[in-house]
Amino acid sequence: MAPFEKSMEMMPFKQRKCLATRKDEVCSIRSKFPNKLPVIVERYIREKTLPLLDKTKFLVPFELTLGQFLCLLRNKIALDSSQTLFLLVAEKSMSCMSSSMGDIYSHHRDADGFLYITYASQEVFGAPQLAARLPG
């Protein structure tokens, strides 16, 4: 991948496309798929351990729970069971995992019509250097 393309990939979706373009995109998606929600999933800007997803746009059924969506993302990223994955909805809150995507969308969708979700990890058991020194 060219350096320019890689830097564009690191730029948040909102900065890559203007508001009018994003609104048009949502209108087009909602007219073609009225029973699906347009969701943008991006890695937290300071995340260092989790890989980038191969795509940022997802079409999600209304009735899918956030927990089920988390499982889909875990599989897509190919995390093992010891790695954590946190989802921040609208860049500010962690929602209940049993909430439906339709409920989350109705409360947290952006002015452009997309629901923005950020994923991140966190060192739960200490820094990697400490874990390497612990007796096994």
# chains A, B, ... in the order shown; residues from 1 in each chain; ligands from 1

$ select_by_dssp --residues "region 4-122 of chain A" --states "helix (DSSP H, G or I)" --output "number ranges by chain"
A: 4-10, 13-16, 19-32, 66-77, 101-108

$ write_last_selection --atoms "C-alpha atoms" --output "PDB file, in the first residue's frame"
ATOM      1  CA  PHE A   4      -0.483   8.229   0.999  1.00  0.00           C
ATOM      2  CA  GLU A   5      -3.143   5.489   1.066  1.00  0.00           C
ATOM      3  CA  LYS A   6      -1.943   4.296   4.479  1.00  0.00           C
ATOM      4  CA  SER A   7      -2.128   7.819   5.921  1.00  0.00           C
ATOM      5  CA  MET A   8      -5.644   8.212   4.479  1.00  0.00           C
ATOM      6  CA  GLU A   9      -6.627   4.953   6.166  1.00  0.00           C
ATOM      7  CA  MET A  10      -5.429   6.328   9.511  1.00  0.00           C
ATOM      8  CA  PHE A  13     -13.931   8.671   8.347  1.00  0.00           C
ATOM      9  CA  LYS A  14     -15.437  12.076   9.192  1.00  0.00           C
ATOM     10  CA  GLN A  15     -12.250  13.807   8.041  1.00  0.00           C
ATOM     11  CA  ARG A  16     -12.026  11.816   4.795  1.00  0.00           C
ATOM     12  CA  LEU A  19     -20.855  16.086   5.762  1.00  0.00           C
ATOM     13  CA  ALA A  20     -22.915  16.360   2.560  1.00  0.00           C
ATOM     14  CA  THR A  21     -21.209  13.311   1.049  1.00  0.00           C
ATOM     15  CA  ARG A  22     -21.746  11.289   4.226  1.00  0.00           C
ATOM     16  CA  LYS A  23     -25.443  12.280   4.354  1.00  0.00           C
ATOM     17  CA  ASP A  24     -25.904  11.282   0.695  1.00  0.00           C
ATOM     18  CA  GLU A  25     -24.222   7.966   1.404  1.00  0.00           C
ATOM     19  CA  VAL A  26     -26.566   7.258   4.330  1.00  0.00           C
ATOM     20  CA  CYS A  27     -29.633   8.160   2.228  1.00  0.00           C
ATOM     21  CA  SER A  28     -28.481   5.789  -0.498  1.00  0.00           C
ATOM     22  CA  ILE A  29     -27.778   2.980   1.976  1.00  0.00           C
ATOM     23  CA  ARG A  30     -31.083   3.419   3.826  1.00  0.00           C
ATOM     24  CA  SER A  31     -33.075   3.405   0.551  1.00  0.00           C
ATOM     25  CA  LYS A  32     -31.363   0.205  -0.687  1.00  0.00           C
ATOM     26  CA  LEU A  66     -24.097  -4.830  20.716  1.00  0.00           C
ATOM     27  CA  GLY A  67     -22.692  -8.004  22.317  1.00  0.00           C
ATOM     28  CA  GLN A  68     -23.310  -9.971  19.123  1.00  0.00           C
ATOM     29  CA  PHE A  69     -21.722  -7.178  17.095  1.00  0.00           C
ATOM     30  CA  LEU A  70     -18.711  -7.272  19.439  1.00  0.00           C
ATOM     31  CA  CYS A  71     -18.369 -11.023  18.754  1.00  0.00           C
ATOM     32  CA  LEU A  72     -18.447 -10.364  15.004  1.00  0.00           C
ATOM     33  CA  LEU A  73     -15.707  -7.756  15.353  1.00  0.00           C
ATOM     34  CA  ARG A  74     -13.599 -10.029  17.571  1.00  0.00           C
ATOM     35  CA  ASN A  75     -13.772 -12.717  14.881  1.00  0.00           C
ATOM     36  CA  LYS A  76     -12.985 -10.230  12.115  1.00  0.00           C
ATOM     37  CA  ILE A  77      -9.937  -8.943  14.004  1.00  0.00           C
ATOM     38  CA  MET A 101     -28.193  -1.894  17.563  1.00  0.00           C
ATOM     39  CA  GLY A 102     -31.500  -0.249  16.628  1.00  0.00           C
ATOM     40  CA  ASP A 103     -31.820   1.279  20.124  1.00  0.00           C
ATOM     41  CA  ILE A 104     -28.199   2.396  20.140  1.00  0.00           C
ATOM     42  CA  TYR A 105     -28.600   3.869  16.657  1.00  0.00           C
ATOM     43  CA  SER A 106     -31.711   5.833  17.631  1.00  0.00           C
ATOM     44  CA  HIS A 107     -29.928   7.366  20.660  1.00  0.00           C
ATOM     45  CA  HIS A 108     -26.397   7.873  19.362  1.00  0.00           C
TER      46      HIS A 108
END

$ residues_around --residues "region 86-90 of chain A" --least-positions-apart "6" --cutoff "7 Å" --atoms "only C-alpha atoms" --output "PyMOL selection string"
chain A and resi 108+115-121

$ atom_distance --atom1 "CA of Val60 (chain A)" --atom2 "CA of Ser95 (chain A)"
16.3 Å

$ closest_residue --among "A:Val41, A:Leu79, A:Leu85, A:Ala111" --to "Phe58 (chain A)" --atoms "only C-alpha atoms"
A:Val41

$ closest_residue --among "A:Asn35, A:Glu91, A:Asp80, A:Arg46" --to "Arg109 (chain A)" --atoms "only C-alpha atoms"
A:Glu91

$ closest_residue --among "A:Thr49, A:Ser100, A:Gln83, A:Gln122" --to "Leu37 (chain A)" --atoms "only C-alpha atoms"
A:Ser100

$ atom_distance --atom1 "CA of Lys57 (chain A)" --atom2 "CA of Met11 (chain A)"
14.3 Å

$ decode --residues "region 76-87 of chain A" --atoms "all heavy atoms" --output "compact mmCIF listing (two decimals), in the first residue's frame"
# COMPACT_ATOMS: atom_id res chain seq x y z
N LYS A 76 -13.56 -10.92 13.27
CA LYS A 76 -12.99 -10.23 12.11
C LYS A 76 -11.54 -9.80 12.39
O LYS A 76 -10.68 -9.89 11.53
CB LYS A 76 -13.85 -9.02 11.77
CG LYS A 76 -13.60 -8.48 10.41
CD LYS A 76 -14.87 -7.82 9.92
CE LYS A 76 -14.85 -7.50 8.47
NZ LYS A 76 -14.48 -8.56 7.57
N ILE A 77 -11.28 -9.36 13.62
CA ILE A 77 -9.94 -8.94 14.00
C ILE A 77 -9.07 -10.16 14.35
O ILE A 77 -7.86 -10.07 14.38
CB ILE A 77 -9.99 -7.96 15.20
CG1 ILE A 77 -10.73 -6.68 14.81
CG2 ILE A 77 -8.61 -7.60 15.70
CD1 ILE A 77 -11.00 -5.74 15.96
N ALA A 78 -9.71 -11.29 14.60
CA ALA A 78 -9.05 -12.55 14.97
C ALA A 78 -8.32 -12.44 16.31
O ALA A 78 -7.14 -12.74 16.43
CB ALA A 78 -8.09 -13.00 13.87
N LEU A 79 -9.06 -12.01 17.34
CA LEU A 79 -8.50 -11.92 18.68
C LEU A 79 -8.59 -13.27 19.37
O LEU A 79 -9.55 -14.01 19.17
CB LEU A 79 -9.27 -10.90 19.52
CG LEU A 79 -9.20 -9.45 19.11
CD1 LEU A 79 -10.02 -8.59 20.05
CD2 LEU A 79 -7.77 -8.96 19.06
N ASP A 80 -7.62 -13.56 20.23
CA ASP A 80 -7.76 -14.78 21.02
C ASP A 80 -8.51 -14.43 22.31
O ASP A 80 -8.77 -13.27 22.61
CB ASP A 80 -6.40 -15.45 21.29
CG ASP A 80 -5.45 -14.61 22.12
OD1 ASP A 80 -5.92 -13.91 23.04
OD2 ASP A 80 -4.23 -14.68 21.88
N SER A 81 -8.87 -15.44 23.07
CA SER A 81 -9.75 -15.24 24.23
C SER A 81 -9.13 -14.40 25.34
O SER A 81 -9.85 -13.86 26.17
CB SER A 81 -10.20 -16.59 24.78
OG SER A 81 -9.06 -17.34 25.17
N SER A 82 -7.81 -14.27 25.36
CA SER A 82 -7.17 -13.49 26.42
C SER A 82 -7.08 -12.00 26.09
O SER A 82 -6.76 -11.20 26.96
CB SER A 82 -5.76 -14.03 26.70
OG SER A 82 -4.94 -13.83 25.57
N GLN A 83 -7.37 -11.62 24.86
CA GLN A 83 -7.30 -10.22 24.47
C GLN A 83 -8.64 -9.53 24.69
O GLN A 83 -9.69 -10.11 24.44
CB GLN A 83 -6.89 -10.08 23.01
CG GLN A 83 -5.46 -10.50 22.74
CD GLN A 83 -5.13 -10.42 21.27
OE1 GLN A 83 -5.62 -11.22 20.48
NE2 GLN A 83 -4.31 -9.44 20.91
N THR A 84 -8.58 -8.28 25.14
CA THR A 84 -9.80 -7.52 25.39
C THR A 84 -10.13 -6.63 24.20
O THR A 84 -9.25 -6.23 23.45
CB THR A 84 -9.66 -6.63 26.64
OG1 THR A 84 -8.55 -5.75 26.45
CG2 THR A 84 -9.47 -7.46 27.88
N LEU A 85 -11.41 -6.32 24.08
CA LEU A 85 -11.87 -5.41 23.04
C LEU A 85 -13.02 -4.60 23.63
O LEU A 85 -14.00 -5.17 24.12
CB LEU A 85 -12.36 -6.19 21.81
CG LEU A 85 -12.85 -5.37 20.63
CD1 LEU A 85 -11.69 -4.61 20.00
CD2 LEU A 85 -13.49 -6.26 19.60
N PHE A 86 -12.86 -3.29 23.64
CA PHE A 86 -13.88 -2.39 24.15
C PHE A 86 -14.47 -1.59 23.00
O PHE A 86 -13.74 -1.20 22.09
CB PHE A 86 -13.29 -1.43 25.19
CG PHE A 86 -12.80 -2.12 26.43
CD1 PHE A 86 -11.47 -2.42 26.58
CD2 PHE A 86 -13.68 -2.48 27.43
CE1 PHE A 86 -11.00 -3.06 27.71
CE2 PHE A 86 -13.24 -3.12 28.56
CZ PHE A 86 -11.89 -3.42 28.70
N LEU A 87 -15.78 -1.35 23.07
CA LEU A 87 -16.45 -0.55 22.05
C LEU A 87 -16.97 0.73 22.68
O LEU A 87 -17.67 0.70 23.69
CB LEU A 87 -17.63 -1.33 21.45
CG LEU A 87 -17.30 -2.63 20.73
CD1 LEU A 87 -18.57 -3.26 20.19
CD2 LEU A 87 -16.29 -2.40 19.62
